[in-house]
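What's in data-v6.cif: mmCIF, C-alpha atoms
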data_coords
#
loop_
_atom_site.label_atom_id
_atom_site.label_comp_id
_atom_site.auth_asym_id
_atom_site.auth_seq_id
_atom_site.Cartn_x
_atom_site.Cartn_y
_atom_site.Cartn_z
CA MET A 24 55.02 20.16 31.94
CA LYS A 25 54.28 17.25 29.65
CA TYR A 26 56.79 14.46 29.25
CA ASN A 27 57.46 12.51 26.07
CA SER A 28 57.50 9.14 27.78
CA ILE A 29 56.88 7.39 31.08
CA ASP A 30 60.64 6.97 31.50
CA GLU A 31 61.16 10.72 31.09
CA ALA A 32 58.45 11.46 33.67
CA ASN A 33 59.96 8.93 36.06
CA LYS A 34 63.36 10.56 35.67
CA ALA A 35 61.86 13.91 36.66
CA VAL A 36 60.35 12.36 39.80
CA ILE A 37 63.70 10.76 40.67
CA GLU A 38 65.50 14.08 40.23
CA LYS A 39 63.15 15.72 42.73
CA ILE A 40 63.90 12.98 45.27
CA ILE A 41 67.67 13.29 44.82
CA GLY A 42 67.47 17.09 44.93
CA SER A 43 65.30 17.21 48.05
CA ALA A 44 66.44 19.18 51.11
CA PRO A 45 64.65 17.88 54.23
CA PHE A 46 65.26 19.70 57.52
CA LEU A 47 63.90 18.98 60.99
CA VAL A 48 62.59 22.38 62.02
CA ASP A 49 60.12 22.01 64.90
CA VAL A 50 58.02 19.90 67.26
CA VAL A 51 54.46 21.14 67.75
CA PRO A 52 51.04 19.91 68.86
CA ALA A 53 49.52 18.11 65.86
CA LYS A 54 46.49 20.43 65.85
CA SER A 55 48.69 23.47 65.19
CA LYS A 56 49.65 22.07 61.77
CA ILE A 57 46.69 19.84 60.91
CA LYS A 58 43.47 21.87 60.94
CA GLU A 59 41.29 18.76 60.65
CA LEU A 60 42.25 17.87 64.22
CA THR A 61 40.56 21.06 65.50
CA GLU A 62 37.17 20.07 64.08
CA GLY A 63 35.70 17.96 66.89
CA LYS A 64 36.79 14.45 67.87
CA VAL A 65 39.17 13.41 65.11
CA LEU A 66 41.87 10.73 65.01
CA LEU A 67 44.43 10.15 62.30
CA HIS A 68 45.37 6.55 61.51
CA ALA A 69 47.89 4.61 59.44
CA GLY A 70 47.15 3.22 56.02
CA PRO A 71 44.38 3.82 53.51
CA PRO A 72 40.89 4.76 54.79
CA ILE A 73 39.36 2.31 57.27
CA LYS A 74 36.31 2.08 59.55
CA TRP A 75 36.44 1.35 63.29
CA GLU A 76 34.83 -2.07 62.87
CA ASP A 77 37.49 -3.11 60.35
CA MET A 78 40.47 -2.09 62.48
CA THR A 79 42.61 -4.81 64.04
CA GLY A 80 43.19 -5.02 67.79
CA PRO A 81 46.34 -2.85 67.97
CA MET A 82 44.77 0.03 66.03
CA GLN A 83 41.59 -0.09 68.10
CA GLY A 84 43.70 -0.17 71.25
CA SER A 85 45.59 2.89 70.07
CA CYS A 86 42.29 4.69 69.43
CA ILE A 87 41.19 3.89 72.99
CA GLY A 88 44.50 5.20 74.34
CA ALA A 89 44.26 8.41 72.31
CA SER A 90 40.70 8.96 73.56
CA LEU A 91 41.89 8.61 77.16
CA PHE A 92 44.87 10.89 76.48
CA GLU A 93 42.61 13.60 75.03
CA GLY A 94 40.15 13.29 77.92
CA TRP A 95 37.25 12.29 75.66
CA ALA A 96 36.57 9.34 77.96
CA SER A 97 37.57 8.41 81.50
CA ASN A 98 37.79 4.65 81.04
CA GLU A 99 38.24 1.96 78.42
CA ALA A 100 34.56 1.00 78.19
CA ASP A 101 33.38 4.56 77.60
CA ALA A 102 36.12 5.14 75.04
CA GLU A 103 35.27 1.98 73.12
CA LYS A 104 31.56 2.84 73.10
CA MET A 105 32.28 6.35 71.81
CA LEU A 106 34.59 5.04 69.08
CA ALA A 107 32.09 2.40 67.96
CA ASN A 108 29.04 4.66 67.79
CA GLY A 109 30.46 7.12 65.29
CA GLU A 110 31.36 10.04 67.57
CA VAL A 111 34.94 10.06 66.29
CA THR A 112 36.01 10.88 62.74
CA PHE A 113 38.87 8.82 61.31
CA ILE A 114 41.26 10.26 58.69
CA PRO A 115 44.35 8.62 57.18
CA CYS A 116 47.57 10.36 58.23
CA HIS A 117 48.62 10.46 54.59
CA HIS A 118 45.64 12.68 53.72
CA VAL A 119 46.94 15.52 55.91
CA ASN A 120 50.69 15.53 55.16
CA ALA A 121 51.40 13.12 58.02
CA VAL A 122 52.52 9.57 58.73
CA GLY A 123 52.23 7.44 61.85
CA PRO A 124 53.97 4.23 63.02
CA MET A 125 52.02 0.96 63.49
CA GLY A 126 48.43 2.04 64.29
CA GLY A 127 49.48 5.55 63.38
CA ILE A 128 46.92 7.02 65.76
CA THR A 129 47.50 10.74 66.12
CA SER A 130 45.29 13.14 68.08
CA ALA A 131 45.14 16.91 68.41
CA ASN A 132 47.45 17.37 71.41
CA MET A 133 50.10 14.82 70.54
CA PRO A 134 53.42 16.45 69.60
CA VAL A 135 54.64 15.86 66.06
CA VAL A 136 58.00 16.45 64.43
CA VAL A 137 57.92 18.91 61.53
CA VAL A 138 60.13 18.14 58.53
CA GLU A 139 60.41 20.84 55.89
CA ASN A 140 61.47 19.87 52.38
CA ARG A 141 63.10 23.12 51.36
CA SER A 142 63.55 22.15 47.73
CA GLU A 143 59.76 22.04 47.24
CA GLY A 144 58.49 24.15 50.14
CA ASN A 145 56.31 21.41 51.66
CA GLU A 146 56.15 19.89 55.14
CA ALA A 147 55.35 16.52 56.70
CA TYR A 148 54.56 15.45 60.26
CA CYS A 149 54.91 12.40 62.47
CA THR A 150 54.40 11.66 66.14
CA MET A 151 57.53 11.09 68.22
CA ASN A 152 58.80 7.63 69.10
CA GLU A 153 57.62 6.50 72.54
CA GLY A 154 60.43 4.03 73.17
CA ILE A 155 59.85 0.33 73.81
CA GLY A 156 57.58 -1.75 76.03
CA LYS A 157 53.93 -0.81 76.48
CA VAL A 158 53.40 1.92 73.88
CA LEU A 159 50.40 3.42 72.11
CA ARG A 160 51.57 2.64 68.58
CA PHE A 161 51.33 -1.09 69.32
CA GLY A 162 47.89 -0.73 70.86
CA ALA A 163 48.69 -0.37 74.58
CA TYR A 164 46.66 2.13 76.61
CA SER A 165 47.51 1.50 80.29
CA GLU A 166 48.13 4.32 82.75
CA GLU A 167 51.88 4.24 82.08
CA VAL A 168 51.22 4.76 78.35
CA ILE A 169 48.98 7.78 78.95
CA THR A 170 51.42 9.20 81.52
CA ARG A 171 54.29 8.93 79.04
CA LEU A 172 52.23 10.62 76.32
CA ALA A 173 51.47 13.48 78.69
CA TRP A 174 55.19 13.83 79.49
CA MET A 175 56.00 13.90 75.78
CA LYS A 176 53.40 16.62 75.28
CA ASN A 177 54.45 18.74 78.25
CA VAL A 178 58.21 18.20 78.46
CA LEU A 179 59.86 16.30 75.60
CA GLY A 180 58.15 18.06 72.71
CA PRO A 181 58.57 21.63 74.00
CA THR A 182 62.22 20.97 74.93
CA ILE A 183 63.15 19.72 71.46
CA ALA A 184 61.16 22.59 69.90
CA LYS A 185 63.10 25.18 71.92
CA ALA A 186 66.39 23.46 71.11
CA LEU A 187 65.63 23.45 67.38
CA LYS A 188 64.87 27.17 67.49
CA LEU A 189 68.33 27.76 68.98
CA SER A 190 69.81 25.94 65.99
CA GLU A 191 68.36 28.71 63.77
CA ASP A 192 68.36 26.65 60.56
CA GLY A 193 67.02 23.34 61.89
CA LEU A 194 68.84 20.02 61.42
CA ASN A 195 69.93 18.92 57.94
CA LEU A 196 68.48 15.43 57.66
CA ASN A 197 70.24 14.41 54.45
CA VAL A 198 73.55 14.84 56.24
CA MET A 199 72.39 12.82 59.26
CA ILE A 200 70.98 10.01 57.10
CA ALA A 201 74.14 9.87 54.97
CA LYS A 202 76.25 9.46 58.11
CA ALA A 203 74.00 6.88 59.75
CA ILE A 204 73.71 4.61 56.71
CA THR A 205 77.51 4.21 56.80
CA MET A 206 77.19 3.24 60.48
CA GLY A 207 74.83 0.31 59.96
CA ASP A 208 71.31 1.78 59.94
CA GLU A 209 68.65 0.88 57.37
CA PHE A 210 66.13 3.28 59.01
CA HIS A 211 63.18 0.99 59.63
CA GLN A 212 64.22 -1.67 62.14
CA ARG A 213 67.65 -0.18 62.92
CA ASN A 214 67.97 3.52 63.76
CA ILE A 215 70.49 3.43 66.61
CA ALA A 216 73.21 5.34 64.73
CA ALA A 217 70.83 8.02 63.47
CA SER A 218 69.25 8.34 66.92
CA LEU A 219 72.68 8.90 68.46
CA ILE A 220 73.64 11.38 65.74
CA PHE A 221 70.40 13.23 66.50
CA LEU A 222 71.28 13.25 70.20
CA LYS A 223 74.77 14.57 69.35
CA GLU A 224 73.31 17.37 67.23
CA ILE A 225 70.50 18.41 69.57
CA SER A 226 72.28 18.11 72.96
CA PRO A 227 74.33 21.32 72.69
CA TYR A 228 71.05 23.20 72.25
CA ILE A 229 69.12 21.29 74.94
CA VAL A 230 71.76 22.29 77.52
CA GLN A 231 71.10 25.96 76.63
CA VAL A 232 67.33 25.77 77.08
CA GLU A 233 66.01 27.42 80.25
CA MET A 234 64.16 24.62 82.00
CA ASP A 235 63.91 22.47 85.10
CA GLU A 236 67.12 20.46 85.53
CA LYS A 237 65.32 17.20 86.27
CA ASP A 238 63.28 17.63 83.08
CA ARG A 239 66.47 18.29 81.13
CA LYS A 240 68.06 15.12 82.53
CA ASP A 241 64.92 13.10 81.76
CA VAL A 242 64.83 14.36 78.16
CA ILE A 243 68.48 13.53 77.48
CA LYS A 244 68.14 10.11 79.14
CA PHE A 245 65.02 9.31 77.10
CA LEU A 246 66.75 10.25 73.84
CA ALA A 247 69.83 8.24 74.84
CA ASP A 248 67.72 5.20 75.73
CA THR A 249 65.43 5.25 72.67
CA ASP A 250 67.29 3.46 69.89
CA GLN A 251 64.40 3.92 67.46
CA PHE A 252 63.80 7.63 68.12
CA PHE A 253 64.98 8.58 64.62
CA LEU A 254 62.50 6.23 62.92
CA ASN A 255 59.67 8.74 63.23
CA ILE A 256 61.89 11.53 61.93
CA MET A 257 62.84 9.29 59.00
CA MET A 258 59.18 8.59 58.29
CA ALA A 259 58.37 12.30 58.16
CA THR A 260 61.43 12.77 55.94
CA GLY A 261 60.26 10.11 53.49
CA LYS A 262 56.79 11.63 53.44
CA ALA A 263 58.06 15.19 52.87
CA VAL A 264 60.45 14.14 50.10
CA LEU A 265 58.02 11.85 48.27
CA ASP A 266 55.14 14.34 48.54
CA GLY A 267 57.44 16.92 47.01
CA ALA A 268 58.42 14.53 44.22
CA ARG A 269 54.83 13.62 43.39
CA LYS A 270 54.17 17.15 42.26
CA ILE A 271 55.25 15.56 38.97
CA GLU A 272 51.82 14.08 38.26
CA GLU A 273 53.04 11.60 35.70
CA GLY A 274 54.99 8.35 35.70
CA THR A 275 54.95 5.06 37.57
CA VAL A 276 57.19 5.81 40.56
CA VAL A 277 55.74 4.56 43.85
CA THR A 278 55.26 7.60 46.10
CA ALA A 279 53.72 5.89 49.13
CA MET A 280 53.31 2.42 50.61
CA THR A 281 51.22 1.95 53.73
CA ARG A 282 49.01 -0.50 55.59
CA ASN A 283 46.17 -0.39 58.11
CA GLY A 284 46.02 -4.03 59.21
CA LYS A 285 43.35 -4.79 56.59
CA ASP A 286 44.52 -3.19 53.35
CA PHE A 287 47.91 -2.46 51.87
CA GLY A 288 47.82 0.73 49.82
CA ILE A 289 50.17 2.37 47.35
CA ARG A 290 50.22 5.62 45.40
CA ILE A 291 52.12 6.24 42.18
CA SER A 292 53.25 9.58 40.80
CA GLY A 293 50.97 9.48 37.77
CA MET A 294 47.79 8.91 39.77
CA GLY A 295 48.13 11.58 42.46
CA ASP A 296 46.16 10.96 45.64
CA GLN A 297 44.40 7.78 44.51
CA TRP A 298 45.00 4.63 46.56
CA PHE A 299 45.42 1.18 45.04
CA THR A 300 44.81 -1.49 47.63
CA ALA A 301 44.93 -5.23 48.25
CA PRO A 302 44.62 -7.34 51.41
CA VAL A 303 47.71 -7.10 53.63
CA ASN A 304 50.02 -10.00 54.35
CA THR A 305 51.18 -11.03 57.83
CA PRO A 306 54.85 -10.47 58.71
CA GLN A 307 57.09 -13.48 59.21
CA GLY A 308 59.98 -13.18 61.62
CA LEU A 309 61.44 -13.79 65.05
CA PHE A 310 59.38 -13.49 68.21
CA PHE A 311 60.05 -12.51 71.78
CA THR A 312 60.06 -15.32 74.34
CA GLY A 313 56.56 -16.66 74.91
CA TYR A 314 55.12 -15.54 71.56
CA SER A 315 54.84 -17.17 68.15
CA GLN A 316 53.63 -16.58 64.60
CA GLU A 317 50.08 -17.35 65.77
CA ASP A 318 50.13 -14.15 67.86
CA ALA A 319 51.16 -11.89 64.96
CA ASN A 320 48.90 -9.08 63.83
CA SER A 321 48.54 -8.50 60.11
CA ASP A 322 50.80 -5.89 58.50
CA ILE A 323 50.16 -2.37 59.80
CA GLY A 324 51.64 1.13 59.82
CA ASP A 325 52.75 4.08 57.67
CA SER A 326 56.40 3.19 58.30
CA ALA A 327 56.65 1.53 54.88
CA ILE A 328 57.18 5.08 53.63
CA THR A 329 60.83 4.27 54.42
CA GLU A 330 60.83 1.47 51.83
CA ALA A 331 59.10 3.75 49.32
CA PHE A 332 62.02 6.15 49.96
CA GLY A 333 64.47 3.31 49.24
CA VAL A 334 65.66 2.42 52.72
CA GLY A 335 64.26 0.01 55.33
CA GLY A 336 63.98 -3.47 53.83
CA MET A 337 65.20 -2.12 50.49
CA ALA A 338 68.53 -1.26 52.15
CA MET A 339 68.91 -4.46 54.16
CA ILE A 340 72.55 -4.69 53.08
CA ALA A 341 73.29 -1.47 55.01
CA ALA A 342 72.38 -3.12 58.31
CA PRO A 343 73.80 -6.63 58.56
CA GLY A 344 73.53 -6.27 62.32
CA VAL A 345 69.74 -6.36 62.14
CA THR A 346 69.19 -9.17 59.64
CA ARG A 347 69.02 -11.90 62.29
CA PHE A 348 66.61 -9.81 64.37
CA VAL A 349 64.10 -9.65 61.51
CA GLY A 350 64.58 -13.33 60.70
CA ALA A 351 66.35 -12.59 57.42
CA GLY A 352 69.37 -14.84 57.90
CA GLY A 353 72.80 -13.30 57.59
CA PHE A 354 74.94 -11.04 55.43
CA GLN A 355 74.46 -12.98 52.20
CA ASP A 356 70.69 -12.87 52.63
CA ALA A 357 70.84 -9.13 53.20
CA LEU A 358 72.97 -8.74 50.07
CA SER A 359 70.57 -10.86 48.04
CA THR A 360 67.60 -8.85 49.27
CA SER A 361 69.04 -5.46 48.29
CA ASN A 362 70.25 -6.83 44.94
CA GLU A 363 66.75 -8.19 44.30
CA MET A 364 65.18 -4.85 45.23
CA MET A 365 67.35 -3.05 42.67
CA GLU A 366 65.57 -5.09 39.98
CA ILE A 367 62.36 -3.13 40.66
CA CYS A 368 63.98 0.28 41.12
CA ILE A 369 64.88 2.93 38.58
CA ASP A 370 68.11 4.28 40.04
CA GLN A 371 70.30 4.55 43.13
CA ASN A 372 70.46 7.47 45.52
CA SER A 373 73.96 8.96 45.45
CA ASN A 374 73.14 10.93 48.63
CA PHE A 375 73.14 7.70 50.66
CA THR A 376 76.05 5.42 49.74
CA ILE A 377 76.37 2.06 51.49
CA PRO A 378 79.88 0.80 52.38
CA THR A 379 78.78 -2.83 52.65
CA TRP A 380 77.38 -2.58 49.10
CA ASP A 381 80.66 -1.39 47.61
CA PHE A 382 79.50 2.20 48.17
CA GLN A 383 76.53 1.90 45.86
CA GLY A 384 73.69 4.30 46.57
CA ALA A 385 70.50 3.12 48.26
CA CYS A 386 67.66 1.91 46.06
CA LEU A 387 65.76 4.77 44.47
CA GLY A 388 62.36 4.88 42.81
CA ILE A 389 60.29 1.70 42.96
CA ASP A 390 58.77 1.38 39.48
CA ALA A 391 55.30 -0.18 39.53
CA ARG A 392 55.94 -1.48 36.01
CA LYS A 393 59.00 -3.43 37.15
CA VAL A 394 57.15 -4.93 40.12
CA VAL A 395 54.49 -6.29 37.76
CA GLU A 396 56.95 -7.35 35.04
CA THR A 397 59.32 -9.21 37.37
CA GLY A 398 56.84 -10.41 39.98
CA ILE A 399 59.25 -9.14 42.65
CA GLU A 400 57.32 -7.55 45.50
CA PRO A 401 58.97 -4.86 47.66
CA VAL A 402 60.23 -6.20 50.99
CA ILE A 403 59.50 -4.33 54.22
CA ASN A 404 61.24 -4.58 57.60
CA THR A 405 58.68 -4.26 60.34
CA GLY A 406 57.89 -4.65 63.99
CA ILE A 407 55.24 -7.27 64.73
CA ALA A 408 52.33 -6.35 66.99
CA HIS A 409 50.25 -8.83 68.98
CA LYS A 410 46.84 -9.12 67.38
CA GLN A 411 45.16 -8.36 70.69
CA ALA A 412 45.03 -4.74 71.83
CA GLY A 413 47.19 -3.76 74.77
CA ILE A 414 49.89 -6.44 74.56
CA GLY A 415 52.23 -4.54 72.27
CA GLN A 416 55.18 -5.64 70.18
CA VAL A 417 55.93 -9.37 70.15
CA GLY A 418 58.64 -9.58 67.50
CA ALA A 419 60.12 -8.25 64.27
CA GLY A 420 60.29 -9.55 60.75
CA THR A 421 59.73 -8.93 57.08
CA VAL A 422 56.68 -8.79 54.86
CA ARG A 423 56.04 -8.25 51.15
CA ALA A 424 53.85 -5.63 49.52
CA PRO A 425 51.09 -7.43 47.56
CA ARG A 426 51.63 -7.29 43.79
CA GLU A 427 47.91 -6.70 43.21
CA CYS A 428 48.30 -3.07 44.35
CA PHE A 429 50.84 -2.41 41.61
CA GLU A 430 48.75 -4.16 38.97
CA LYS A 431 45.74 -1.99 39.85
CA ALA A 432 47.85 1.17 39.75
CA LEU A 433 49.27 0.37 36.32
CA GLU A 434 45.85 -0.47 34.92
CA ALA A 435 44.44 2.84 36.17
CA TYR A 436 47.39 4.77 34.76
CA ALA A 437 47.09 3.04 31.41
CA GLN A 438 43.43 4.06 31.31
CA LYS A 439 44.39 7.65 32.18
CA LEU A 440 46.85 7.67 29.28
CA GLY A 441 44.23 6.18 26.94
CA LEU A 442 46.24 3.03 26.37
CA ILE A 443 43.38 0.68 27.25
#
Output the file's structure in the form of structure tokens.
Amino acid sequence: MKYNSIDEANKAVIEKIIGSAPFLVDVVPAKSKIKELTEGKVLLHAGPPIKWEDMTGPMQGSCIGASLFEGWASNEADAEKMLANGEVTFIPCHHVNAVGPMGGITSANMPVVVVENRSEGNEAYCTMNEGIGKVLRFGAYSEEVITRLAWMKNVLGPTIAKALKLSEDGLNLNVMIAKAITMGDEFHQRNIAASLIFLKEISPYIVQVEMDEKDRKDVIKFLADTDQFFLNIMMATGKAVLDGARKIEEGTVVTAMTRNGKDFGIRISGMGDQWFTAPVNTPQGLFFTGYSQEDANSDIGDSAITEAFGVGGMAMIAAPGVTRFVGAGGFQDALSTSNEMMEICIDQNSNFTIPTWDFQGACLGIDARKVVETGIEPVINTGIAHKQAGIGQVGAGTVRAPRECFEKALEAYAQKLGLI
């Protein structure tokens, strides 16, 4: 279908987002959904395309950990040599209907959540949240990290998969998100309400699964302890919904934002799969005891899909409880941030109303034109990784998407339309 104007095309994209129907339907080994992972030694990563030598410490550390997890190498030195000499193929998660937090490293046997967008018939995938402490997504690869990944593959993933099958229809994610946003989540740095809602919904099925009782107890305790468990589900939701919406191959709606530690990349609806990139910024925020801004890694991760979906930093007002944690001041600062973000958005999402914003809907549809016109760059809530591999998360904060990405996207779209 051809649209008479950019505004009309943008409206069609927005309508697909509002009308989306994401459901959590399964947890499976990544290779069962992503055929590229069956073709030799392949790792998925966050952000636009990147080479091993250009990866920052946390992403390289995650690659080492994934190589050890898959049994491609028996020690760090062998893994690093293999990764550096070209034996491993690297593919962006976004290129295969997936997203990944921080380094985003995903390998064949890692379990991924499957979110089905029933309004468009497409799916998206994301690894499961590992909890806090030494974790692969922040570049750690010690024995405890690999042991936990193996437990997630052998126990956690299969348990949730069996539980979801007992639910018959899967879990309606729009309903869960709508509830959690009224309970103080913004879905990037704060997911505690959504994670508990998920536990409430899945527990009646987990108790019906035939399994070892210790394993059952461990699964429920892990889900109860992991405040950010829903983040990865939210990321897959954002990916599924926005991929469905970008079937409208016109307009200037931002359909993805992501970063690999070197480049920040965006996609817009009118330019399909093409990336528009600029150098990433470094998050500013609050740090754990013993760490400072000097330790911060540059911006990294596919989790900015949440902001592209209109939550995360865009919905800071929904989560006043987290504003101090990300160094964003207090309630008035959160209010100012969300009000500012509305200046670069097309509409508001009536599916997700925010009590602390006088029940306005969450921001909806970042318009690349408005970003360039106003000079207002989208704000992102993010965890901060140590720039050295293996240390992990050292804080949390905010970062801005570089305006240059949006300028490049608009220029390319104008050329496509024959305007320049």
_Report as number ranges by chain all protein, DNA and RNA residues lying within 8 Å of region 417-429 of chain A, evaluated on all atoms listed in the file, omitting residues in the same chain fewer than 3 positions from it._
A: 287-289, 299-311, 314, 318-319, 322, 336, 348-351, 391-392, 394-395, 398-409, 432-433
_Using all atoms listed in the file for the distances, tell me which of A:Gly261, A:Gly80, A:Gly109, A:Pro115 is nearest to Asn140 (chain A)._
A:Gly261
*asked:* Which residues would end up in the selection if the PyMOL selection byres ((chain A and resi 92) around 10) were applied here, given that I need the answer as an MDAnalysis selection string?
replied: chainID A and resid 86:91 93:97 130 132:133 164 166 168:173
*asked:* Using the chain letters and numbers from this file, what does the PyMOL selection byres ((chain A and resi 363-375) around 9) select? Give the answer as a VMD selection string.
replied: chain A and resid 33 to 34 37 40 to 41 197 to 198 200 to 202 204 to 205 276 333 336 to 338 358 to 362 376 to 377 382 to 397 399 to 402
*Separation of CA of Met175 (chain A) from CA of Ile243 (chain A), in Å and rounded to one decimal*: 12.6 Å
*Once you count all atoms listed in the file, which residues end up no further than 12 Å from (48.9, 5.3, 27.4) in the file's frame, shown as a list in words?*
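Protein, DNA and RNA residues close to (48.9, 5.3, 27.4): Asn27, Ser28, Ile29, Glu273, Gly274, Thr275, Gly293, Leu433, Glu434, Ala435, Tyr436, Ala437, Gln438, Lys439, Leu440, Gly441, Leu442 and Ile443 of chain A.
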_Distance criterion (only C-alpha atoms): nearest to Thr249 (chain A) out of A:Ala184, A:Ala102, A:Ala203, A:Ala217_ = A:Ala217
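Of the residues under consideration (A:Pro343, A:Gly324, A:Gly415, A:Pro181), A:Pro343 shows the shortest atom-to-atom contact distance to Asp356 (chain A) when counting only C-alpha atoms.
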Would you compute an axis-aligned box for region 302-316 of chain A, covering every atom listed for it in the file with 8 Å of margin on each side, and report centre and edge lengths in Å to one decimal as AutoDock Vina command-line options?
--center_x 53.0 --center_y -12.1 --center_z 63.2 --size_x 32.8 --size_y 26.1 --size_z 39.5
Residue by residue, what does the PyMOL selection byres ((chain A and resi 126-129) around 6) grab here? Present the result as an mmCIF file with C-alpha atoms, in the coordinates of the input.
data_model
loop_
_atom_site.group_PDB
_atom_site.id
_atom_site.type_symbol
_atom_site.label_atom_id
_atom_site.label_comp_id
_atom_site.auth_asym_id
_atom_site.auth_seq_id
_atom_site.Cartn_x
_atom_site.Cartn_y
_atom_site.Cartn_z
ATOM 1 C CA LEU A 66 41.870 10.730 65.010
ATOM 2 C CA LEU A 67 44.430 10.150 62.300
ATOM 3 C CA HIS A 68 45.370 6.550 61.510
ATOM 4 C CA ALA A 69 47.890 4.610 59.440
ATOM 5 C CA MET A 82 44.770 0.030 66.030
ATOM 6 C CA GLY A 123 52.230 7.440 61.850
ATOM 7 C CA PRO A 124 53.970 4.230 63.020
ATOM 8 C CA MET A 125 52.020 0.960 63.490
ATOM 9 C CA SER A 130 45.290 13.140 68.080
ATOM 10 C CA ARG A 160 51.570 2.640 68.580
ATOM 11 C CA GLY A 324 51.640 1.130 59.820
#
*Write out as a ChimeraX atom specification which residues come within 10 Å of region 187-190 of chain A when counting all atoms listed in the file, dropping same-chain ones fewer than 3 positions away.*
/A:47-50,181-184,193-194,224-225,227-229,231-232
_Report, in Å with one decimal, the straight-line distance from CA of Glu146 (chain A) to CA of Ala35 (chain A)._
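Going from CA of Glu146 (chain A) over to CA of Ala35 (chain A), I get 20.2 Å.
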*Of the candidates A:Lys185, A:His211, A:Arg269, A:Lys58, which shows the shortest atom-to-atom distance to Met234 (chain A), using only C-alpha atoms?*
A:Lys185
*Write out as number ranges by chain each polymer residue whose atoms come within 7 Å of region 148-150 of chain A, counting only C-alpha atoms; drop sequence neighbours fewer than 4 positions from it.*
A: 120-123, 129, 133-138, 255, 259
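When all atoms listed in the file are used to compute distances to Lys270 (chain A), the closest of the residues A:Gln212, A:Ser142, A:Gln83, A:Pro52 turns out to be A:Ser142.
Checking A:Ser321, A:Asn283, A:Ser218, A:Thr379 one by one against Ala341 (chain A), counting only C-alpha atoms, you find the shortest gap at A:Thr379.
Between CA of Ile323 (chain A) and CA of Lys285 (chain A) the separation is 7.9 Å.
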